[in-house]
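Text of the file final_25.txt, holding compact mmCIF, C-alpha atoms:
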# COMPACT_ATOMS: atom_id res chain seq x y z
CA MET Z 82 -57.91 57.01 49.02
CA ILE Z 83 -54.67 58.39 47.63
CA ALA Z 84 -51.29 56.96 48.67
CA ALA Z 85 -48.39 59.31 47.93
CA THR Z 86 -45.05 57.57 47.53
CA GLY Z 87 -41.60 58.33 46.22
CA LEU Z 88 -40.80 54.91 44.78
CA ARG Z 89 -42.68 52.54 42.51
CA ALA Z 90 -41.82 49.69 44.90
CA GLU Z 91 -43.68 51.50 47.70
CA ALA Z 92 -46.64 52.04 45.38
CA ARG Z 93 -46.81 48.31 44.60
CA ILE Z 94 -47.20 47.59 48.31
CA ALA Z 95 -49.90 50.24 48.66
CA THR Z 96 -51.89 48.97 45.68
CA ARG Z 97 -52.29 45.52 47.14
CA SER Z 98 -55.53 47.22 48.18
CA PRO Z 99 -57.87 47.87 45.21
CA THR Z 100 -59.31 50.97 46.91
CA ILE Z 101 -55.99 52.83 46.70
CA LYS Z 102 -54.97 55.28 43.98
CA VAL Z 103 -51.23 55.94 44.02
CA ALA Z 104 -49.28 59.10 43.22
CA VAL Z 105 -45.59 58.29 42.70
CA GLY Z 106 -43.39 61.36 42.89
CA GLY Z 107 -39.96 59.90 42.16
CA GLY Z 108 -38.39 62.69 44.20
CA ASN Z 109 -39.95 65.35 41.96
CA ALA Z 110 -42.15 67.72 43.98
CA GLU Z 111 -43.95 69.19 40.97
CA ARG Z 112 -44.79 65.75 39.62
CA LEU Z 113 -46.14 64.56 42.97
CA ASP Z 114 -48.18 67.75 43.44
CA ARG Z 115 -49.75 67.30 40.00
CA LEU Z 116 -50.54 63.61 40.49
CA ILE Z 117 -52.13 64.15 43.90
CA ARG Z 118 -54.32 66.97 42.59
CA GLN Z 119 -55.34 64.80 39.63
CA ALA Z 120 -56.31 61.98 41.99
CA ILE Z 121 -58.36 64.40 44.11
CA ALA Z 122 -60.15 65.58 40.98
CA GLU Z 123 -60.97 61.94 40.22
CA GLY Z 124 -62.64 61.51 43.62
CA GLY Z 125 -59.85 60.94 46.14
CA ASN Z 126 -61.04 62.06 49.57
CA ALA Z 127 -58.12 61.20 51.87
CA ILE Z 128 -54.34 61.07 51.43
CA ILE Z 129 -51.71 58.94 53.13
CA SER Z 130 -47.97 59.55 52.79
CA PHE Z 131 -46.67 56.00 52.56
CA GLY Z 132 -43.17 54.62 52.18
CA VAL Z 133 -39.63 54.66 53.50
CA ALA Z 134 -37.84 57.56 55.14
CA ALA Z 135 -34.46 58.79 56.28
CA GLY Z 136 -33.88 58.42 59.99
CA LEU Z 137 -33.06 61.57 61.94
CA ALA Z 138 -33.28 60.37 65.54
CA PRO Z 139 -30.09 58.40 66.28
CA GLU Z 140 -31.81 55.72 68.37
CA LEU Z 141 -34.09 54.48 65.57
CA PRO Z 142 -32.73 51.59 63.43
CA ALA Z 143 -33.68 50.61 59.91
CA GLY Z 144 -37.09 48.97 59.82
CA THR Z 145 -38.60 51.21 62.51
CA CYS Z 146 -42.23 51.99 61.67
CA LEU Z 147 -43.43 55.53 62.28
CA VAL Z 148 -46.93 56.98 62.45
CA GLY Z 149 -46.64 60.68 61.77
CA PHE Z 150 -48.86 62.87 63.93
CA GLU Z 151 -47.25 66.07 62.65
CA VAL Z 152 -45.36 67.18 59.53
CA VAL Z 153 -42.89 70.06 59.58
CA HIS Z 154 -41.40 71.85 56.57
CA GLY Z 155 -39.88 75.30 56.21
CA GLY Z 156 -41.13 76.45 59.61
CA THR Z 157 -44.70 75.28 58.93
CA ARG Z 158 -46.19 72.50 61.03
CA ARG Z 159 -49.32 70.66 60.00
CA THR Z 160 -51.14 68.08 62.10
CA ALA Z 161 -52.27 64.78 60.60
CA ASP Z 162 -55.90 63.78 61.07
CA PRO Z 163 -55.90 62.88 64.80
CA ALA Z 164 -58.47 60.09 64.62
CA TRP Z 165 -56.82 58.45 61.61
CA ALA Z 166 -53.35 58.70 63.15
CA SER Z 167 -54.66 57.19 66.38
CA ARG Z 168 -56.21 54.26 64.50
CA LEU Z 169 -52.92 53.64 62.70
CA LYS Z 170 -51.05 53.65 66.00
CA ALA Z 171 -53.60 51.32 67.64
CA ALA Z 172 -53.37 48.84 64.76
CA LEU Z 173 -49.55 49.01 64.69
CA ALA Z 174 -48.66 48.74 68.36
CA PHE Z 175 -44.97 48.38 67.51
CA ALA Z 176 -44.87 51.70 65.60
CA GLU Z 177 -43.48 54.91 67.04
CA SER Z 178 -45.49 58.13 67.11
CA ALA Z 179 -43.41 60.79 65.42
CA THR Z 180 -42.98 64.18 63.87
CA ILE Z 181 -41.94 63.85 60.23
CA ALA Z 182 -39.83 66.47 58.45
CA GLY Z 183 -40.41 67.23 54.79
CA VAL Z 184 -37.32 67.79 52.67
CA ASP Z 185 -36.86 68.96 49.10
CA ARG Z 186 -33.82 66.81 48.35
CA PRO Z 187 -32.33 63.59 49.72
CA LEU Z 188 -30.28 63.84 52.91
CA SER Z 189 -27.08 62.00 52.05
CA LYS Z 190 -24.86 62.91 55.01
CA PRO Z 191 -25.25 62.08 58.71
CA SER Z 192 -24.41 65.70 59.53
CA GLU Z 193 -27.43 66.87 57.49
CA LYS Z 194 -29.71 64.47 59.31
CA GLN Z 195 -28.36 65.53 62.69
CA ALA Z 196 -28.84 69.22 61.91
CA LEU Z 197 -32.46 68.69 60.79
CA HIS Z 198 -33.19 66.58 63.85
CA ILE Z 199 -31.92 69.34 66.15
CA GLU Z 200 -33.81 72.02 64.23
CA SER Z 201 -37.15 70.23 63.89
CA ALA Z 202 -37.19 67.51 66.58
CA ALA Z 203 -38.44 65.22 63.82
CA ALA Z 204 -37.71 61.50 63.98
CA ALA Z 205 -37.47 61.01 60.21
CA ALA Z 206 -37.61 62.85 56.90
CA ASP Z 207 -39.04 62.18 53.46
CA MET Z 208 -39.77 64.08 50.25
CA GLU Z 209 -43.52 63.49 50.10
CA SER Z 210 -45.18 64.09 53.48
CA HIS Z 211 -44.99 67.90 53.41
CA ILE Z 212 -46.54 67.96 49.94
CA VAL Z 213 -49.34 65.68 51.13
CA ALA Z 214 -49.92 67.85 54.21
CA ARG Z 215 -50.03 71.08 52.20
CA ILE Z 216 -52.42 69.82 49.52
CA ALA Z 217 -54.66 68.17 52.11
CA ALA Z 218 -54.90 71.49 53.97
CA GLU Z 219 -55.74 73.34 50.75
CA HIS Z 220 -58.56 70.92 49.92
CA GLY Z 221 -59.82 70.34 53.47
CA LEU Z 222 -59.01 66.62 53.29
CA PRO Z 223 -57.72 64.32 56.05
CA PHE Z 224 -54.18 63.06 55.73
CA ALA Z 225 -52.01 60.52 57.49
CA VAL Z 226 -48.36 59.51 57.44
CA LEU Z 227 -46.97 55.98 57.65
CA ARG Z 228 -43.23 55.71 57.11
CA VAL Z 229 -40.49 53.16 57.78
CA ILE Z 230 -36.85 54.10 58.30
CA ALA Z 231 -34.64 52.81 55.47
CA ASP Z 232 -31.43 54.70 56.17
CA PRO Z 233 -30.72 55.39 59.87
CA ALA Z 234 -29.35 58.69 61.09
CA GLU Z 235 -25.74 57.51 61.00
CA ARG Z 236 -25.96 56.13 57.44
CA GLN Z 237 -24.13 57.91 54.61
CA ILE Z 238 -25.96 57.58 51.28
CA PRO Z 239 -23.56 56.68 48.44
CA PRO Z 240 -23.82 58.71 45.21
CA ALA Z 241 -24.73 55.55 43.28
CA ALA Z 242 -28.00 55.27 45.20
CA LEU Z 243 -28.94 58.85 44.37
CA ALA Z 244 -27.97 58.42 40.73
CA GLY Z 245 -30.48 55.60 40.36
CA MET Z 246 -33.59 57.62 41.23
CA ARG Z 247 -35.83 58.13 38.17
CA PRO Z 248 -38.74 60.62 38.01
CA ASP Z 249 -41.24 57.76 37.69
CA GLY Z 250 -40.04 56.21 40.95
CA VAL Z 251 -38.31 53.25 39.30
CA ILE Z 252 -34.68 52.57 40.19
CA ASP Z 253 -32.37 53.03 37.19
CA VAL Z 254 -30.04 50.07 37.61
CA ARG Z 255 -27.79 51.17 34.76
CA ALA Z 256 -27.20 54.55 36.41
CA VAL Z 257 -26.38 52.83 39.70
CA LEU Z 258 -23.88 50.50 38.02
CA ALA Z 259 -22.31 53.35 36.07
CA SER Z 260 -21.74 55.33 39.25
CA LEU Z 261 -20.39 52.25 40.97
CA ALA Z 262 -18.02 51.55 38.09
CA GLY Z 263 -16.63 55.06 38.39
CA THR Z 264 -16.18 54.81 42.16
CA PRO Z 265 -16.00 51.15 43.24
CA SER Z 266 -15.30 52.15 46.85
CA GLN Z 267 -19.06 52.88 47.18
CA LEU Z 268 -19.88 49.18 47.11
CA PRO Z 269 -19.84 48.44 50.88
CA ALA Z 270 -22.07 51.45 51.64
CA LEU Z 271 -24.41 50.48 48.80
CA VAL Z 272 -24.71 46.92 50.12
CA ARG Z 273 -25.51 48.19 53.62
CA LEU Z 274 -28.11 50.56 52.25
CA ALA Z 275 -29.68 47.78 50.17
CA ALA Z 276 -29.94 45.57 53.25
CA ASP Z 277 -31.52 48.36 55.30
CA THR Z 278 -33.94 49.22 52.52
CA GLY Z 279 -34.96 45.58 52.19
CA ARG Z 280 -35.67 45.50 55.92
CA ALA Z 281 -37.73 48.67 55.62
CA MET Z 282 -39.75 47.38 52.67
CA ALA Z 283 -40.55 44.17 54.54
CA ALA Z 284 -41.77 46.23 57.51
CA LEU Z 285 -43.84 48.44 55.20
CA LEU Z 286 -45.53 45.37 53.74
CA ARG Z 287 -46.26 44.05 57.23
CA CYS Z 288 -47.86 47.37 58.17
CA ARG Z 289 -49.97 47.35 55.04
CA ASP Z 290 -51.20 43.81 55.70
CA LEU Z 291 -52.06 44.59 59.33
CA LEU Z 292 -54.01 47.72 58.41
CA GLY Z 293 -56.17 46.07 55.78
CA PRO Z 294 -57.60 47.58 52.60
CA GLY Z 295 -58.54 50.97 54.06
CA PHE Z 296 -55.25 51.82 55.80
CA GLY Z 297 -57.25 52.51 58.96
CA PHE Z 298 -59.27 55.31 57.37
CA ARG Z 299 -62.78 55.56 58.85
CA ASP Z 300 -64.61 55.43 55.50
CA LEU Z 301 -62.73 52.44 54.12
CA GLY Z 302 -61.25 50.40 56.93

Structure translated into structure tokens:
Amino acid sequence: MIAATGLRAEARIATRSPTIKVAVGGGNAERLDRLIRQAIAEGGNAIISFGVAAGLAPELPAGTCLVGFEVVHGGTRRTADPAWASRLKAALAFAESATIAGVDRPLSKPSEKQALHIESAAAAADMESHIVARIAAEHGLPFAVLRVIADPAERQIPPAALAGMRPDGVIDVRAVLASLAGTPSQLPALVRLAADTGRAMAALLRCRDLLGPGFGFRDLG
């Protein structure tokens, strides 16, 4: 199975299972597309979009687990494998069933999140799920989405957090500190975001442990 993530930290959680091959996009759509296709060529037969997400629905706090039954991007809606999504939801009774919006850049402002929520009715957004859905459709493969909200709908993302994103999915601490040094007023927002992200990562790990090595997929679980 292939787990598509944006961050290396998400990939480390996914690869606690030896059956998982990860594709870490680092916010770069072309890189993620290439890595997923490479993993398919090497025998990957199912794809899960796995990691944290930006909250769009105002009632969902950080740490909320979402099982995506549908992915929307640019007016196109693709349905996750129904049986796989249902198994995820059954195993994670606390998770919400949701529509996930794909985005091509981070949503840093609450107004952007609100607008996308109104437009798409999606509960959350990430930069990987729409790529997973598209490639899975092209190859006739099942896909699933498991995401945890890291920044709720009302959260503003400070520039320092965006500056730290590297193409390999590793956080560039020096870039974060440099941005923070230039604008120290970002610090409170950065601390809040770090706390929310920590909560989300803990929830993601819990989901992974509850699902077992196959992430609920019929051929592995």

If I put a ball of radius 10 Å at (-25.4, 53.3, 41.9) in the file's coordinates, which residues poke into it when counting all atoms listed in the file, written as a compact mmCIF listing (two decimals) with C-alpha atoms, in the frame of the given file?
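Result went into part04.txt, see below:
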# COMPACT_ATOMS: atom_id res chain seq x y z
CA PRO Z 239 -23.56 56.68 48.44
CA PRO Z 240 -23.82 58.71 45.21
CA ALA Z 241 -24.73 55.55 43.28
CA ALA Z 242 -28.00 55.27 45.20
CA LEU Z 243 -28.94 58.85 44.37
CA ALA Z 244 -27.97 58.42 40.73
CA GLY Z 245 -30.48 55.60 40.36
CA MET Z 246 -33.59 57.62 41.23
CA ILE Z 252 -34.68 52.57 40.19
CA ASP Z 253 -32.37 53.03 37.19
CA VAL Z 254 -30.04 50.07 37.61
CA ARG Z 255 -27.79 51.17 34.76
CA ALA Z 256 -27.20 54.55 36.41
CA VAL Z 257 -26.38 52.83 39.70
CA LEU Z 258 -23.88 50.50 38.02
CA ALA Z 259 -22.31 53.35 36.07
CA SER Z 260 -21.74 55.33 39.25
CA LEU Z 261 -20.39 52.25 40.97
CA ALA Z 262 -18.02 51.55 38.09
CA GLY Z 263 -16.63 55.06 38.39
CA THR Z 264 -16.18 54.81 42.16
CA PRO Z 265 -16.00 51.15 43.24
CA GLN Z 267 -19.06 52.88 47.18
CA LEU Z 268 -19.88 49.18 47.11
CA LEU Z 271 -24.41 50.48 48.80

Practice task
Return the single residue from Z:Pro223, Z:Gly108, Z:Gly293, Z:Pro233 that is closest to Arg280 of chain Z, with distances computed using only C-alpha atoms.
Solution key: Z:Pro233

Any chance you could tabulate, as CSV, the residues of segment 190-212 of chain Z at most 9 Å from segment 87-97 of chain Z with each one's nearest atom pair and distance in Å to one decimal, using only C-alpha atoms, in chain and rising number order?
residue,atom,partner,partner_atom,distance
Z:Asp207,CA,Z:Gly87,CA,8.6
Z:Met208,CA,Z:Gly87,CA,7.3
Z:Glu209,CA,Z:Gly87,CA,6.7

Problem - atom CA of Thr180 of chain Z to atom CA of Ser98 of chain Z, distance in Å rounded to a single decimal - result: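 If I compute the distance from atom CA of Thr180 of chain Z to atom CA of Ser98 of chain Z, I get 26.3 Å.
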
Contact check, segment 90-138 of chain Z to segment 157-173 of chain Z, at most 12 Å, counting all atoms listed in the file, closest pairs as CSV:
residue,atom,partner,partner_atom,distance
Z:Ala127,CA,Z:Asp162,CA,9.8
Z:Ile128,CA,Z:Ala161,CA,10.1
Z:Ile129,CA,Z:Ala161,CA,9.5
Z:Ser130,CA,Z:Ala161,CA,10.3

Exercise for the section: Considering all atoms listed in the file, return as a count of residues only whatever protein or nucleic-acid residues lie within 9 Å of segment 134-143 of chain Z, sequence-local ones (same chain, fewer than 3 positions apart) excluded. Expected result: 31

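Atom CA of Met282 of chain Z lies 17.6 Å from atom CA of Ser210 of chain Z.
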
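Taking atom CA of Pro248 of chain Z and atom CA of Gly106 of chain Z as the two end points, the separation is 6.8 Å.
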
Handout entry: Minimum-distance residue to Val105 of chain Z, chosen among Z:Gly132, Z:Gly156, Z:Gly295, Z:Gly124 (using all atoms listed in the file)
Key =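 Ranking Z:Gly132, Z:Gly156, Z:Gly295, Z:Gly124 by distance to Val105 of chain Z, first place goes to Z:Gly132.
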
Can you sort out segment 251-278 of chain Z so it carries N, CA and C atoms, written as a PDB file, keeping the file's coordinate frame?
ATOM      1  N   VAL Z 251     -38.978  54.523  39.575  1.00  0.00           N
ATOM      2  CA  VAL Z 251     -38.310  53.250  39.300  1.00  0.00           C
ATOM      3  C   VAL Z 251     -36.802  53.448  39.439  1.00  0.00           C
ATOM      4  N   ILE Z 252     -36.120  52.481  40.032  1.00  0.00           N
ATOM      5  CA  ILE Z 252     -34.680  52.570  40.190  1.00  0.00           C
ATOM      6  C   ILE Z 252     -33.991  52.276  38.862  1.00  0.00           C
ATOM      7  N   ASP Z 253     -33.127  53.183  38.433  1.00  0.00           N
ATOM      8  CA  ASP Z 253     -32.370  53.030  37.190  1.00  0.00           C
ATOM      9  C   ASP Z 253     -31.093  52.232  37.499  1.00  0.00           C
ATOM     10  N   VAL Z 254     -31.154  50.952  37.261  1.00  0.00           N
ATOM     11  CA  VAL Z 254     -30.040  50.070  37.610  1.00  0.00           C
ATOM     12  C   VAL Z 254     -28.780  50.430  36.824  1.00  0.00           C
ATOM     13  N   ARG Z 255     -28.952  50.805  35.572  1.00  0.00           N
ATOM     14  CA  ARG Z 255     -27.790  51.170  34.760  1.00  0.00           C
ATOM     15  C   ARG Z 255     -27.058  52.370  35.345  1.00  0.00           C
ATOM     16  N   ALA Z 256     -27.813  53.361  35.812  1.00  0.00           N
ATOM     17  CA  ALA Z 256     -27.200  54.550  36.410  1.00  0.00           C
ATOM     18  C   ALA Z 256     -26.462  54.186  37.698  1.00  0.00           C
ATOM     19  N   VAL Z 257     -27.041  53.288  38.474  1.00  0.00           N
ATOM     20  CA  VAL Z 257     -26.380  52.830  39.700  1.00  0.00           C
ATOM     21  C   VAL Z 257     -25.058  52.143  39.372  1.00  0.00           C
ATOM     22  N   LEU Z 258     -25.090  51.248  38.397  1.00  0.00           N
ATOM     23  CA  LEU Z 258     -23.880  50.500  38.020  1.00  0.00           C
ATOM     24  C   LEU Z 258     -22.823  51.419  37.416  1.00  0.00           C
ATOM     25  N   ALA Z 259     -23.265  52.417  36.657  1.00  0.00           N
ATOM     26  CA  ALA Z 259     -22.310  53.350  36.070  1.00  0.00           C
ATOM     27  C   ALA Z 259     -21.598  54.149  37.149  1.00  0.00           C
ATOM     28  N   SER Z 260     -22.341  54.602  38.143  1.00  0.00           N
ATOM     29  CA  SER Z 260     -21.740  55.330  39.250  1.00  0.00           C
ATOM     30  C   SER Z 260     -20.792  54.439  40.034  1.00  0.00           C
ATOM     31  N   LEU Z 261     -21.217  53.203  40.231  1.00  0.00           N
ATOM     32  CA  LEU Z 261     -20.390  52.250  40.970  1.00  0.00           C
ATOM     33  C   LEU Z 261     -19.116  51.921  40.215  1.00  0.00           C
ATOM     34  N   ALA Z 262     -19.204  51.832  38.899  1.00  0.00           N
ATOM     35  CA  ALA Z 262     -18.020  51.550  38.090  1.00  0.00           C
ATOM     36  C   ALA Z 262     -17.010  52.688  38.189  1.00  0.00           C
ATOM     37  N   GLY Z 263     -17.522  53.914  38.278  1.00  0.00           N
ATOM     38  CA  GLY Z 263     -16.630  55.060  38.390  1.00  0.00           C
ATOM     39  C   GLY Z 263     -15.985  55.181  39.745  1.00  0.00           C
ATOM     40  N   THR Z 264     -16.706  54.736  40.783  1.00  0.00           N
ATOM     41  CA  THR Z 264     -16.180  54.810  42.160  1.00  0.00           C
ATOM     42  C   THR Z 264     -16.504  53.495  42.862  1.00  0.00           C
ATOM     43  N   PRO Z 265     -15.720  52.468  42.650  1.00  0.00           N
ATOM     44  CA  PRO Z 265     -16.000  51.150  43.240  1.00  0.00           C
ATOM     45  C   PRO Z 265     -16.011  51.143  44.769  1.00  0.00           C
ATOM     46  N   SER Z 266     -15.364  52.117  45.381  1.00  0.00           N
ATOM     47  CA  SER Z 266     -15.300  52.150  46.850  1.00  0.00           C
ATOM     48  C   SER Z 266     -16.680  52.364  47.486  1.00  0.00           C
ATOM     49  N   GLN Z 267     -17.686  52.718  46.670  1.00  0.00           N
ATOM     50  CA  GLN Z 267     -19.060  52.880  47.180  1.00  0.00           C
ATOM     51  C   GLN Z 267     -19.725  51.559  47.536  1.00  0.00           C
ATOM     52  N   LEU Z 268     -19.178  50.461  47.030  1.00  0.00           N
ATOM     53  CA  LEU Z 268     -19.880  49.180  47.110  1.00  0.00           C
ATOM     54  C   LEU Z 268     -20.290  48.794  48.532  1.00  0.00           C
ATOM     55  N   PRO Z 269     -19.404  48.843  49.528  1.00  0.00           N
ATOM     56  CA  PRO Z 269     -19.840  48.440  50.880  1.00  0.00           C
ATOM     57  C   PRO Z 269     -21.015  49.269  51.403  1.00  0.00           C
ATOM     58  N   ALA Z 270     -20.967  50.594  51.179  1.00  0.00           N
ATOM     59  CA  ALA Z 270     -22.070  51.450  51.640  1.00  0.00           C
ATOM     60  C   ALA Z 270     -23.350  51.124  50.894  1.00  0.00           C
ATOM     61  N   LEU Z 271     -23.233  50.814  49.605  1.00  0.00           N
ATOM     62  CA  LEU Z 271     -24.410  50.480  48.800  1.00  0.00           C
ATOM     63  C   LEU Z 271     -25.038  49.172  49.264  1.00  0.00           C
ATOM     64  N   VAL Z 272     -24.202  48.211  49.613  1.00  0.00           N
ATOM     65  CA  VAL Z 272     -24.710  46.920  50.120  1.00  0.00           C
ATOM     66  C   VAL Z 272     -25.428  47.114  51.442  1.00  0.00           C
ATOM     67  N   ARG Z 273     -24.852  47.930  52.333  1.00  0.00           N
ATOM     68  CA  ARG Z 273     -25.510  48.190  53.620  1.00  0.00           C
ATOM     69  C   ARG Z 273     -26.846  48.891  53.421  1.00  0.00           C
ATOM     70  N   LEU Z 274     -26.867  49.845  52.515  1.00  0.00           N
ATOM     71  CA  LEU Z 274     -28.110  50.560  52.250  1.00  0.00           C
ATOM     72  C   LEU Z 274     -29.162  49.624  51.666  1.00  0.00           C
ATOM     73  N   ALA Z 275     -28.745  48.738  50.763  1.00  0.00           N
ATOM     74  CA  ALA Z 275     -29.680  47.780  50.170  1.00  0.00           C
ATOM     75  C   ALA Z 275     -30.279  46.865  51.229  1.00  0.00           C
ATOM     76  N   ALA Z 276     -29.448  46.439  52.173  1.00  0.00           N
ATOM     77  CA  ALA Z 276     -29.940  45.570  53.250  1.00  0.00           C
ATOM     78  C   ALA Z 276     -30.942  46.310  54.132  1.00  0.00           C
ATOM     79  N   ASP Z 277     -30.621  47.555  54.476  1.00  0.00           N
ATOM     80  CA  ASP Z 277     -31.520  48.360  55.300  1.00  0.00           C
ATOM     81  C   ASP Z 277     -32.833  48.644  54.583  1.00  0.00           C
ATOM     82  N   THR Z 278     -32.741  48.938  53.293  1.00  0.00           N
ATOM     83  CA  THR Z 278     -33.940  49.220  52.520  1.00  0.00           C
ATOM     84  C   THR Z 278     -34.822  47.977  52.398  1.00  0.00           C
TER      85      THR Z 278
END
